[in-house]
Amino acid sequence: MAAAASSPLTTHVLNTGDGIPAAKMAVSLHRLDSELMIWNMLSIGTTNEDGRCPGLISREAFISGMYKLRFETGSYWESLGQTSFHPYVEVVFTISSPEQRFHLPLLMSRFSYSTYRGS
């Protein structure tokens with residue numbers, strides 16, 4: 001993964017059902033190839049004890065386009081000995097100003113999730 005300090009895209013996953021960060025969740029970042037209409041994986045990582053996944057992409061690799069973050073929520077809940085409704089969550093978003101910083105939190109429980117664009 002890219003260096004955490006230079007990443008223009010960050011995420012934070014919170015287990016709102018238990019009121020804790022979602023540690024040790026697999027996360028992957030993808031960018032859409034607009035000509036072939038296929039997703040290309042750019043990086044993979046795992047959330048840390050604070051529920052963050054630093055270093056998703058470098059400033060140099062962060063260009064305008066359509067991206068998605070995929071969160072492996074089913075595996076996370078399974079590791080806690082619980083079941084969940086969503087086996088994974090994919091959040092698709094468009095970047096038109098890559099010089100800005102973007103923060104994309106995921107708030108989740110076993111049966112719901114929400115997200116928003118932070119800064």
# chains A, B, ... in the order shown; residues from 1 in each chain; ligands from 1
$ residues_around --residues "segment 74-82 of chain A" --least-positions-apart "4" --cutoff "9 Å" --atoms "only C-alpha atoms" --output "VMD selection string"
chain A and resid 22 to 26 86 to 89 110
$ write_last_selection --atoms "N, CA and C atoms" --output "compact mmCIF listing (two decimals), in the first residue's frame"
# COMPACT_ATOMS: atom_id res chain seq x y z
N ALA A 22 -14.03 -1.04 13.91
CA ALA A 22 -14.03 -2.36 13.26
C ALA A 22 -12.60 -2.71 12.86
N ALA A 23 -11.88 -3.34 13.77
CA ALA A 23 -10.48 -3.71 13.54
C ALA A 23 -10.38 -5.00 12.75
N LYS A 24 -9.31 -5.12 11.97
CA LYS A 24 -8.97 -6.33 11.22
C LYS A 24 -9.98 -6.66 10.13
N MET A 25 -10.56 -5.63 9.50
CA MET A 25 -11.45 -5.84 8.37
C MET A 25 -10.68 -5.62 7.07
N ALA A 26 -10.81 -6.54 6.13
CA ALA A 26 -10.18 -6.40 4.82
C ALA A 26 -10.89 -5.31 4.02
N HIS A 86 -25.22 -8.28 5.21
CA HIS A 86 -24.40 -7.86 4.06
C HIS A 86 -23.07 -8.62 4.06
N PRO A 87 -22.81 -9.46 3.06
CA PRO A 87 -21.54 -10.18 3.03
C PRO A 87 -20.35 -9.24 2.74
N TYR A 88 -20.62 -8.14 2.09
CA TYR A 88 -19.62 -7.09 1.83
C TYR A 88 -20.36 -5.81 1.53
N VAL A 89 -19.65 -4.70 1.60
CA VAL A 89 -20.20 -3.39 1.25
C VAL A 89 -19.27 -2.77 0.23
N ARG A 110 -24.75 -5.18 12.11
CA ARG A 110 -24.91 -6.46 11.42
C ARG A 110 -25.96 -6.38 10.31
$ residues_around --residues "Arg31 of chain A" --least-positions-apart "3" --cutoff "7 Å" --atoms "only C-alpha atoms" --output "list in words"
Trp39, Asn40, Met41, Leu42, Met66, Tyr67 and Lys68 of chain A
$ select_by_dssp --residues "chain A" --states "helix (DSSP H, G or I)" --output "PyMOL selection string"
chain A and resi 4-6+73-79
$ write_last_selection --atoms "N, CA and C atoms" --output "compact mmCIF listing (two decimals), in the first residue's frame"
# COMPACT_ATOMS: atom_id res chain seq x y z
N ALA A 4 1.11 6.10 4.17
CA ALA A 4 -0.07 6.63 4.84
C ALA A 4 -0.09 8.15 4.87
N ALA A 5 1.07 8.78 5.06
CA ALA A 5 1.11 10.23 5.20
C ALA A 5 0.67 10.94 3.93
N SER A 6 0.87 10.33 2.78
CA SER A 6 0.56 11.00 1.53
C SER A 6 -0.78 10.59 0.92
N THR A 73 -17.32 -7.02 5.09
CA THR A 73 -18.09 -6.97 6.33
C THR A 73 -18.49 -8.36 6.82
N GLY A 74 -18.84 -9.25 5.92
CA GLY A 74 -19.25 -10.60 6.33
C GLY A 74 -18.16 -11.33 7.07
N SER A 75 -16.95 -11.26 6.56
CA SER A 75 -15.81 -11.91 7.21
C SER A 75 -15.52 -11.28 8.57
N TYR A 76 -15.69 -9.97 8.65
CA TYR A 76 -15.48 -9.27 9.92
C TYR A 76 -16.45 -9.80 10.98
N TRP A 77 -17.75 -9.83 10.65
CA TRP A 77 -18.74 -10.30 11.63
C TRP A 77 -18.52 -11.78 11.97
N GLU A 78 -18.16 -12.55 10.96
CA GLU A 78 -17.89 -13.97 11.20
C GLU A 78 -16.74 -14.15 12.19
N SER A 79 -15.72 -13.29 12.09
CA SER A 79 -14.58 -13.38 13.02
C SER A 79 -14.99 -13.08 14.46
$ atom_distance --atom1 "atom CA of Glu99 of chain A" --atom2 "atom CA of Leu56 of chain A"
15.4 Å
$ select_by_dssp --residues "chain A" --states "strand (DSSP E or B)" --output "VMD selection string"
chain A and resid 9 to 15 20 to 21 26 to 33 38 to 46 52 65 to 71 89 to 95 102 to 108 113 to 115 118
$ closest_residue --among "A:Leu9, A:Tyr113, A:Ile38, A:Asn15" --to "Ser97 of chain A" --atoms "only C-alpha atoms"
A:Leu9
$ atom_distance --atom1 "atom CA of Val91 of chain A" --atom2 "atom CA of Glu72 of chain A"
11.7 Å
$ residues_around --residues "Arg101 of chain A" --least-positions-apart "3" --cutoff "8 Å" --atoms "only C-alpha atoms" --output "PDB file with all heavy atoms, in the first residue's frame"
ATOM      1  N   PRO A   8      -4.357  10.662  -0.168  1.00  0.00           N
ATOM      2  CA  PRO A   8      -5.433  11.658  -0.251  1.00  0.00           C
ATOM      3  C   PRO A   8      -6.809  11.063   0.037  1.00  0.00           C
ATOM      4  O   PRO A   8      -7.792  11.784   0.105  1.00  0.00           O
ATOM      5  CB  PRO A   8      -5.340  12.142  -1.691  1.00  0.00           C
ATOM      6  CG  PRO A   8      -4.811  10.958  -2.436  1.00  0.00           C
ATOM      7  CD  PRO A   8      -3.881  10.252  -1.481  1.00  0.00           C
ATOM      8  N   LEU A   9      -6.874   9.747   0.204  1.00  0.00           N
ATOM      9  CA  LEU A   9      -8.125   9.047   0.486  1.00  0.00           C
ATOM     10  C   LEU A   9      -7.959   8.238   1.764  1.00  0.00           C
ATOM     11  O   LEU A   9      -7.043   7.422   1.870  1.00  0.00           O
ATOM     12  CB  LEU A   9      -8.491   8.118  -0.679  1.00  0.00           C
ATOM     13  CG  LEU A   9      -9.715   7.229  -0.486  1.00  0.00           C
ATOM     14  CD1 LEU A   9     -10.989   8.076  -0.394  1.00  0.00           C
ATOM     15  CD2 LEU A   9      -9.825   6.229  -1.632  1.00  0.00           C
ATOM     16  N   PRO A  98      -8.899  15.551  -7.755  1.00  0.00           N
ATOM     17  CA  PRO A  98      -7.988  14.689  -7.004  1.00  0.00           C
ATOM     18  C   PRO A  98      -6.982  15.436  -6.129  1.00  0.00           C
ATOM     19  O   PRO A  98      -6.330  14.818  -5.289  1.00  0.00           O
ATOM     20  CB  PRO A  98      -7.282  13.880  -8.089  1.00  0.00           C
ATOM     21  CG  PRO A  98      -7.432  14.682  -9.327  1.00  0.00           C
ATOM     22  CD  PRO A  98      -8.717  15.434  -9.199  1.00  0.00           C
ATOM     23  N   SER A 119     -13.896  14.981   5.234  1.00  0.00           N
ATOM     24  CA  SER A 119     -12.721  15.692   4.703  1.00  0.00           C
ATOM     25  C   SER A 119     -11.486  15.360   5.518  1.00  0.00           C
ATOM     26  O   SER A 119     -11.546  14.742   6.546  1.00  0.00           O
ATOM     27  CB  SER A 119     -12.960  17.189   4.720  1.00  0.00           C
ATOM     28  OG  SER A 119     -13.220  17.632   6.033  1.00  0.00           O
TER      29      SER A 119
END
$ atom_distance --atom1 "atom CA of Val92 of chain A" --atom2 "atom CA of Ile20 of chain A"
24.5 Å
